[in-house]
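File shown: final_13.cif (mmCIF, C-alpha atoms; chains and numbers go by the auth columns).
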data_entry
loop_
_atom_site.group_PDB
_atom_site.id
_atom_site.type_symbol
_atom_site.label_atom_id
_atom_site.label_comp_id
_atom_site.label_asym_id
_atom_site.label_seq_id
_atom_site.Cartn_x
_atom_site.Cartn_y
_atom_site.Cartn_z
_atom_site.B_iso_or_equiv
_atom_site.auth_seq_id
_atom_site.auth_asym_id
ATOM 1 C CA MET A 1 0.000 0.000 0.000 0.00 7 A
ATOM 2 C CA PRO A 2 1.542 3.370 -1.021 0.00 8 A
ATOM 3 C CA HIS A 3 2.314 5.909 1.682 0.00 9 A
ATOM 4 C CA LYS A 4 -0.051 8.917 1.553 0.00 10 A
ATOM 5 C CA VAL A 5 1.706 12.281 1.907 0.00 11 A
ATOM 6 C CA ARG A 6 -0.261 14.870 3.869 0.00 12 A
ATOM 7 C CA THR A 7 0.429 18.479 2.888 0.00 13 A
ATOM 8 C CA THR A 8 -0.327 20.912 5.697 0.00 14 A
ATOM 9 C CA THR A 9 -0.724 24.659 6.003 0.00 15 A
ATOM 10 C CA PHE A 10 -0.506 26.751 9.160 0.00 16 A
ATOM 11 C CA VAL A 11 -3.506 29.100 9.544 0.00 17 A
ATOM 12 C CA GLY A 12 -3.609 31.049 12.805 0.00 18 A
ATOM 13 C CA HIS A 13 -3.499 28.431 15.540 0.00 19 A
ATOM 14 C CA PHE A 14 -4.543 25.578 13.252 0.00 20 A
ATOM 15 C CA ILE A 15 -2.703 23.213 10.961 0.00 21 A
ATOM 16 C CA LEU A 16 -4.851 22.275 7.978 0.00 22 A
ATOM 17 C CA CYS A 17 -4.317 19.588 5.377 0.00 23 A
ATOM 18 C CA GLN A 18 -4.635 20.500 1.690 0.00 24 A
ATOM 19 C CA GLU A 19 -8.218 19.209 1.499 0.00 25 A
ATOM 20 C CA GLU A 20 -9.288 21.201 4.582 0.00 26 A
ATOM 21 C CA MET A 21 -7.585 24.309 3.175 0.00 27 A
ATOM 22 C CA LYS A 22 -9.506 23.994 -0.117 0.00 28 A
ATOM 23 C CA TYR A 23 -12.739 23.665 1.873 0.00 29 A
ATOM 24 C CA LEU A 24 -11.906 26.761 3.951 0.00 30 A
ATOM 25 C CA VAL A 25 -11.027 28.812 0.851 0.00 31 A
ATOM 26 C CA ASN A 26 -14.312 27.801 -0.814 0.00 32 A
ATOM 27 C CA ILE A 27 -16.292 28.904 2.248 0.00 33 A
ATOM 28 C CA VAL A 28 -14.507 32.269 2.349 0.00 34 A
ATOM 29 C CA LEU A 29 -15.099 32.829 -1.385 0.00 35 A
ATOM 30 C CA LEU A 30 -18.753 31.886 -0.987 0.00 36 A
ATOM 31 C CA LEU A 31 -19.145 34.406 1.833 0.00 37 A
ATOM 32 C CA ILE A 32 -17.443 37.135 -0.175 0.00 38 A
ATOM 33 C CA PHE A 33 -19.433 36.607 -3.372 0.00 39 A
ATOM 34 C CA THR A 34 -22.828 36.202 -1.704 0.00 40 A
ATOM 35 C CA GLN A 35 -22.620 39.279 0.518 0.00 41 A
ATOM 36 C CA ASP A 36 -25.195 41.905 -0.386 0.00 42 A
ATOM 37 C CA PHE A 37 -22.974 44.971 -0.703 0.00 43 A
ATOM 38 C CA SER A 38 -25.916 47.147 -1.695 0.00 44 A
ATOM 39 C CA GLN A 39 -27.066 47.095 1.918 0.00 45 A
ATOM 40 C CA THR A 40 -23.670 47.903 3.473 0.00 46 A
ATOM 41 C CA PRO A 41 -23.610 51.429 4.922 0.00 47 A
ATOM 42 C CA ASN A 42 -20.437 53.332 5.701 0.00 48 A
ATOM 43 C CA LYS A 43 -19.665 52.784 9.402 0.00 49 A
ATOM 44 C CA THR A 44 -18.798 56.451 9.979 0.00 50 A
ATOM 45 C CA THR A 45 -21.698 58.246 8.290 0.00 51 A
ATOM 46 C CA GLY A 46 -24.301 55.480 8.049 0.00 52 A
ATOM 47 C CA LYS A 47 -24.577 56.172 4.308 0.00 53 A
ATOM 48 C CA MET A 48 -23.317 53.798 1.640 0.00 54 A
ATOM 49 C CA LYS A 49 -20.173 54.920 -0.178 0.00 55 A
ATOM 50 C CA ILE A 50 -19.985 54.424 -3.934 0.00 56 A
ATOM 51 C CA ALA A 51 -16.807 53.994 -5.977 0.00 57 A
ATOM 52 C CA VAL A 52 -16.794 55.738 -9.343 0.00 58 A
ATOM 53 C CA TRP A 53 -14.883 54.013 -12.163 0.00 59 A
ATOM 54 C CA ASP A 54 -14.143 56.314 -15.109 0.00 60 A
ATOM 55 C CA THR A 55 -14.513 54.324 -18.340 0.00 61 A
ATOM 56 C CA TYR A 56 -13.681 55.042 -21.994 0.00 62 A
ATOM 57 C CA VAL A 57 -14.463 52.293 -24.517 0.00 63 A
ATOM 58 C CA THR A 58 -13.864 52.405 -28.266 0.00 64 A
ATOM 59 C CA LYS A 59 -17.135 51.517 -29.969 0.00 65 A
ATOM 60 C CA LYS A 60 -17.430 49.267 -33.016 0.00 66 A
ATOM 61 C CA ASP A 61 -17.743 52.360 -35.236 0.00 67 A
ATOM 62 C CA GLY A 62 -14.432 53.741 -33.879 0.00 68 A
ATOM 63 C CA SER A 63 -15.897 56.511 -31.727 0.00 69 A
ATOM 64 C CA VAL A 64 -15.220 56.523 -27.989 0.00 70 A
ATOM 65 C CA MET A 65 -17.993 56.194 -25.444 0.00 71 A
ATOM 66 C CA HIS A 66 -17.423 57.610 -21.961 0.00 72 A
ATOM 67 C CA PHE A 67 -19.388 56.364 -18.967 0.00 73 A
ATOM 68 C CA ASP A 68 -18.933 55.908 -15.239 0.00 74 A
ATOM 69 C CA ILE A 69 -19.507 52.605 -13.471 0.00 75 A
ATOM 70 C CA LEU A 70 -20.764 53.151 -9.916 0.00 76 A
ATOM 71 C CA ALA A 71 -20.557 50.295 -7.422 0.00 77 A
ATOM 72 C CA PRO A 72 -20.323 49.935 -3.632 0.00 78 A
ATOM 73 C CA GLU A 73 -16.835 50.950 -2.517 0.00 79 A
ATOM 74 C CA GLU A 74 -16.375 47.546 -0.844 0.00 80 A
ATOM 75 C CA ILE A 75 -16.138 45.927 -4.278 0.00 81 A
ATOM 76 C CA LYS A 76 -12.416 46.079 -5.032 0.00 82 A
ATOM 77 C CA ASP A 77 -12.232 43.196 -7.510 0.00 83 A
ATOM 78 C CA THR A 78 -11.707 44.773 -10.927 0.00 84 A
ATOM 79 C CA THR A 79 -13.014 41.627 -12.612 0.00 85 A
ATOM 80 C CA VAL A 80 -16.406 42.336 -11.025 0.00 86 A
ATOM 81 C CA ILE A 81 -16.291 46.017 -12.033 0.00 87 A
ATOM 82 C CA TYR A 82 -15.277 45.157 -15.619 0.00 88 A
ATOM 83 C CA GLY A 83 -18.101 42.607 -15.684 0.00 89 A
ATOM 84 C CA TYR A 84 -20.565 45.371 -14.844 0.00 90 A
ATOM 85 C CA GLY A 85 -19.143 47.477 -17.678 0.00 91 A
ATOM 86 C CA LYS A 86 -19.329 44.582 -20.128 0.00 92 A
ATOM 87 C CA ALA A 87 -22.970 43.925 -19.165 0.00 93 A
ATOM 88 C CA TYR A 88 -23.721 47.582 -19.869 0.00 94 A
ATOM 89 C CA LEU A 89 -21.855 47.464 -23.209 0.00 95 A
ATOM 90 C CA LYS A 90 -23.998 44.501 -24.229 0.00 96 A
ATOM 91 C CA THR A 91 -27.155 46.591 -23.684 0.00 97 A
ATOM 92 C CA LYS A 92 -25.688 49.176 -26.053 0.00 98 A
ATOM 93 C CA GLY A 93 -24.829 46.675 -28.807 0.00 99 A
ATOM 94 C CA GLN A 94 -21.124 46.966 -28.000 0.00 100 A
ATOM 95 C CA ASP A 95 -20.539 43.504 -26.559 0.00 101 A
ATOM 96 C CA GLY A 96 -17.074 42.150 -27.279 0.00 102 A
ATOM 97 C CA GLN A 97 -15.403 45.562 -27.064 0.00 103 A
ATOM 98 C CA PRO A 98 -12.348 45.571 -24.773 0.00 104 A
ATOM 99 C CA LEU A 99 -12.890 46.703 -21.193 0.00 105 A
ATOM 100 C CA THR A 100 -9.733 46.353 -19.097 0.00 106 A
ATOM 101 C CA SER A 101 -7.579 48.528 -16.836 0.00 107 A
ATOM 102 C CA LYS A 102 -6.673 50.477 -19.987 0.00 108 A
ATOM 103 C CA GLU A 103 -10.308 51.530 -20.503 0.00 109 A
ATOM 104 C CA CYS A 104 -11.592 51.609 -16.899 0.00 110 A
ATOM 105 C CA ARG A 105 -9.939 53.169 -13.843 0.00 111 A
ATOM 106 C CA PHE A 106 -11.005 53.923 -10.299 0.00 112 A
ATOM 107 C CA CYS A 107 -11.653 57.671 -10.006 0.00 113 A
ATOM 108 C CA HIS A 108 -13.148 58.613 -6.609 0.00 114 A
ATOM 109 C CA VAL A 109 -15.726 57.768 -3.931 0.00 115 A
ATOM 110 C CA GLU A 110 -19.100 59.455 -3.460 0.00 116 A
ATOM 111 C CA THR A 111 -22.041 59.042 -1.105 0.00 117 A
ATOM 112 C CA LEU A 112 -24.960 57.053 -2.536 0.00 118 A
ATOM 113 C CA ARG A 113 -27.553 59.242 -4.251 0.00 119 A
ATOM 114 C CA PRO A 114 -31.239 58.277 -4.271 0.00 120 A
ATOM 115 C CA ASN A 115 -31.440 57.949 -8.084 0.00 121 A
ATOM 116 C CA TRP A 116 -28.668 55.289 -8.052 0.00 122 A
ATOM 117 C CA ASP A 117 -30.114 53.232 -5.213 0.00 123 A
ATOM 118 C CA ALA A 118 -32.636 51.045 -7.104 0.00 124 A
ATOM 119 C CA ASP A 119 -30.154 49.898 -9.784 0.00 125 A
ATOM 120 C CA ILE A 120 -27.406 49.222 -7.251 0.00 126 A
ATOM 121 C CA LYS A 121 -29.792 47.153 -5.122 0.00 127 A
ATOM 122 C CA LYS A 122 -31.106 45.284 -8.191 0.00 128 A
ATOM 123 C CA GLN A 123 -27.935 44.624 -10.214 0.00 129 A
ATOM 124 C CA GLY A 124 -25.028 45.765 -8.014 0.00 130 A
ATOM 125 C CA TYR A 125 -24.073 48.822 -10.077 0.00 131 A
ATOM 126 C CA PHE A 126 -25.293 52.003 -11.764 0.00 132 A
ATOM 127 C CA ILE A 127 -24.067 53.557 -15.022 0.00 133 A
ATOM 128 C CA ILE A 128 -23.773 57.274 -15.661 0.00 134 A
ATOM 129 C CA GLU A 129 -23.659 57.898 -19.404 0.00 135 A
ATOM 130 C CA MET A 130 -21.262 60.751 -20.181 0.00 136 A
ATOM 131 C CA GLU A 131 -20.459 60.872 -23.919 0.00 137 A
ATOM 132 C CA ASN A 132 -21.347 58.906 -27.095 0.00 138 A
ATOM 133 C CA CYS A 133 -23.361 56.255 -25.279 0.00 139 A
ATOM 134 C CA ASN A 134 -26.261 56.134 -27.756 0.00 140 A
#

Let me see whether you can do it: turn the structure in this file into structure tokens.
Amino acid sequence: MPHKVRTTTFVGHFILCQEEMKYLVNIVLLLIFTQDFSQTPNKTTGKMKIAVWDTYVTKKDGSVMHFDILAPEEIKDTTVIYGYGKAYLKTKGQDGQPLTSKECRFCHVETLRPNWDADIKKQGYFIIEMENCN
């Protein structure tokens, strides 16, 4: 019978085997991705803070559309933010256009405004159309 090697990882006061570590990572990821950020107020003011991502995407006709992606400031994962932008581009017939760190950058944080609230609660983000979005 072959000898089974047990790989361990030290986490805090616990030593976990590789299988336990995978399980723990999956639980943490599940908690992160299922949290409802739209209901998370800022601890200082009690009002939700919104990150504004300034976005410029070259459209299929060569013109550049400018829009802002607004999402709860707790969402730091750019893959999620770019996903919001790509979903918006699809509604504008611009699916497949590049949306990366070259086109989309964090700009600043604002306090949630009432006209953004419904979309952020429903889909996680709000889009402000700036230029050439139609």

| In Å, with one decimal, what is the gap from CA of Ser107 (chain A) to CA of Gln129 (chain A)? | 21.8 Å

Selection result of the PyMOL selection byres ((chain A and resi 103) around 12) on this file, as a short mmCIF file (atom, residue, chain, number, x, y, z; two decimals) with C-alpha atoms, in the frame of the given file:
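What landed in result02.cif:
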data_model
loop_
_atom_site.label_atom_id
_atom_site.label_comp_id
_atom_site.auth_asym_id
_atom_site.auth_seq_id
_atom_site.Cartn_x
_atom_site.Cartn_y
_atom_site.Cartn_z
CA TYR A 62 -13.68 55.04 -21.99
CA VAL A 63 -14.46 52.29 -24.52
CA THR A 64 -13.86 52.40 -28.27
CA LYS A 65 -17.14 51.52 -29.97
CA LYS A 66 -17.43 49.27 -33.02
CA ASP A 67 -17.74 52.36 -35.24
CA GLY A 68 -14.43 53.74 -33.88
CA SER A 69 -15.90 56.51 -31.73
CA VAL A 70 -15.22 56.52 -27.99
CA MET A 71 -17.99 56.19 -25.44
CA TYR A 88 -15.28 45.16 -15.62
CA GLY A 91 -19.14 47.48 -17.68
CA LYS A 92 -19.33 44.58 -20.13
CA ALA A 93 -22.97 43.92 -19.16
CA TYR A 94 -23.72 47.58 -19.87
CA LEU A 95 -21.86 47.46 -23.21
CA LYS A 96 -24.00 44.50 -24.23
CA LYS A 98 -25.69 49.18 -26.05
CA GLY A 99 -24.83 46.68 -28.81
CA GLN A 100 -21.12 46.97 -28.00
CA ASP A 101 -20.54 43.50 -26.56
CA GLY A 102 -17.07 42.15 -27.28
CA PRO A 104 -12.35 45.57 -24.77
CA LEU A 105 -12.89 46.70 -21.19
CA THR A 106 -9.73 46.35 -19.10
CA GLU A 109 -10.31 51.53 -20.50
#

| Nearby residues (all atoms listed in the file) at most 7 Å from Ile133 (chain A), same-chain spacing under 3 positions excluded, as number ranges by chain | A: 73-76

| said: Assuming the chain letters and numbering stay as they are in my file, what does the PyMOL selection byres ((chain A and resi 113-121) around 7) actually select? List them as a PyMOL selection string. | reply: chain A and resi 53-60+111-112+122-123

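For the residues A:His72, A:Thr97, A:Lys108, A:Val86, ranking by smallest atom-to-atom distance to Glu137 (chain A) using all atoms listed in the file places A:His72 first.
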
| query | Can you tell me how far CA of Ile126 (chain A) sits from CA of Pro78 (chain A), in Å to one decimal? | reply | 8.0 Å

| Hey, can you check how far CA of Lys128 (chain A) sits from CA of Asp83 (chain A)? | 19.0 Å

For region 111-119 of chain A, I'd like the enclosing box, axis-aligned and padded by 8 Å on every side, reported as AutoDock Vina command-line options with centre and edge lengths in Å to one decimal.
--center_x -18.7 --center_y 56.3 --center_z -7.5 --size_x 33.6 --size_y 22.3 --size_z 28.7
